[in-house]
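> Structure below; questions to follow.
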Amino acid sequence: MNGREPELIDYIEVLRRHRKLVLVGTLTSALATVVVILVWVIHYEASGNVEIGKVADEPLEDLYFAAAEINSPGFALPILAQVGLTDVRPERIPKYISAEVLEAGVLPNRKPIMLHIGTSSRSPQDAARLLDLVVAELSRRHQARFEVAFKLRKIYAAELEARVSTYEKDLKQLPSARSRLPSRSVETPTGANLVQAEIGQRQTLLLDLLQELQEMQIRNNSEMHTRPTRLVDKPTLPNRLSPPVAILILEFLGGSVAGFLIFAYIAFLRDYLQRAKPKTTLRLEEAAEKVTAN
């Protein structure tokens, strides 16, 4: 540029001379960005909330442990394989299946209440199916624990009912047993007190058993206290993209701008080499002439 400082018009002139290279390169970069976004970035999301089952207010599993289990390869990889995702690395599992614990209350006394499960895939159908599979597998694992714990409580409730029935029969028989005692034994204060004390003890035990049986029946039959693991709300259908559209637009623009800058640099480098070539050729000719003269 004749030894002067380059100006903006000089750069524009270089881009104009190599406009085909810059234009084709920018369009190629934009197309490549679209392909990458469609193949690797765009996913559809589905989500739902799950309540861990419990028996008599005792959770079948700790919520934080359940969330960690869902995010583990042993749990997630077989489920991903059912929708055709067989080559997912363990560190990429959260991209497709994730679980977090929802808490309620005021800090620092917040308590875990349920699990929020999210799934994503390249198609809305696979995202929804993944959510169904995760909830079904979690429920299946918890169902066996629920049945064992609930069966034990049912057995104990039956035992309580049998004991209540026995005490009721005994209480009915005590007055008749008292009438069969010798008249002298009944008339004595000691004998009468013993019989009355026995009746009082049986009545107290019967009341305690009835109260325990009633509480157990309430806990066994109330979903507030005893219920299996379940999906508590209608899942959010995969009707939105992940990441959001605004981020996708920024990624597209970023890829296009990066392509323009790369090929603009190539254009400037090519122009520089083309300008430097005559000078290099002239220097080689001068050197050859000096060698010939000597």
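Letters A, B, ... go to the chains of the structure tokens in the order shown; residues in each chain start at 1; ligands are counted from 1 in the same order.
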If you run DSSP on the backbone, which residues of region 62-268 of chain A are strand (DSSP E), as a count of residues only?
23
> Determine, counting only C-alpha atoms, which protein, DNA and RNA residues have an atom within 10 Å of an atom of Gln125 (chain A); residues of the same chain fewer than 3 positions away are not included. Present the result as a list in words.
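The neighbour list is Tyr44, Ala46, Val83, Ser120, Ser121, Arg122, Ala128, Arg129, Leu130, Leu237 and Pro238 of chain A.
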> So that I can see what lies close to Arg141 (chain A), please list as number ranges by chain the residues with an atom at most 12 Å from it, counting only C-alpha atoms and leaving out residues fewer than 3 positions away in the same chain.
A: 52-53, 60-61, 66, 69-70, 75, 134-138, 144-147, 228-229
> For each of A:Val164, A:Ile199, A:Ala258, A:Leu80, take the minimum atom-to-atom distance to Glu212 (chain A), counting only C-alpha atoms, then give the residue where this is smallest.
A:Val164
> Leaving out Ser47 (chain A) and any residue of its chain fewer than 2 positions from it, which residues lie within 10 Å of it when counting only C-alpha atoms, given as a list of chain:residue names?
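Final neighbour list, sorted by chain and number: A:Glu45, A:Asn49, A:Val50, A:Ile97, A:Ser98, A:Ala99, A:His116, A:Ile117, A:Gly118, A:Thr119, A:Ser120, A:Ala127, A:Ala128, A:Leu130, A:Leu131, A:Asp132, A:Lys234, A:Pro235, A:Thr236, A:Leu237, A:Pro238.
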> May I ask which of the residues A:Glu161, A:Glu251, A:His18, A:Gln82 is the closest one to Tyr272 (chain A), counting only C-alpha atoms?
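Smallest separation from Tyr272 (chain A) among the options: A:His18.
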> Which of these residues is nearest to Leu133 (chain A), using only C-alpha atoms: A:Leu207, A:Ile12, A:Val55, A:Ala76?
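Under the stated criterion, the closest residue is A:Ala76.
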> With distances taken over only C-alpha atoms, which of A:Phe150, A:Val22, A:Glu13, A:Arg163 is nearest to Tyr265 (chain A)?
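Smallest distance to Tyr265 (chain A) is found for A:Val22.
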> Which residue out of A:His43, A:Arg270, A:Lys54, A:Lys95 has the minimum interatomic distance to Ala149 (chain A) when only C-alpha atoms are used?
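Using only C-alpha atoms, Ala149 (chain A) sits closest to A:Lys54.
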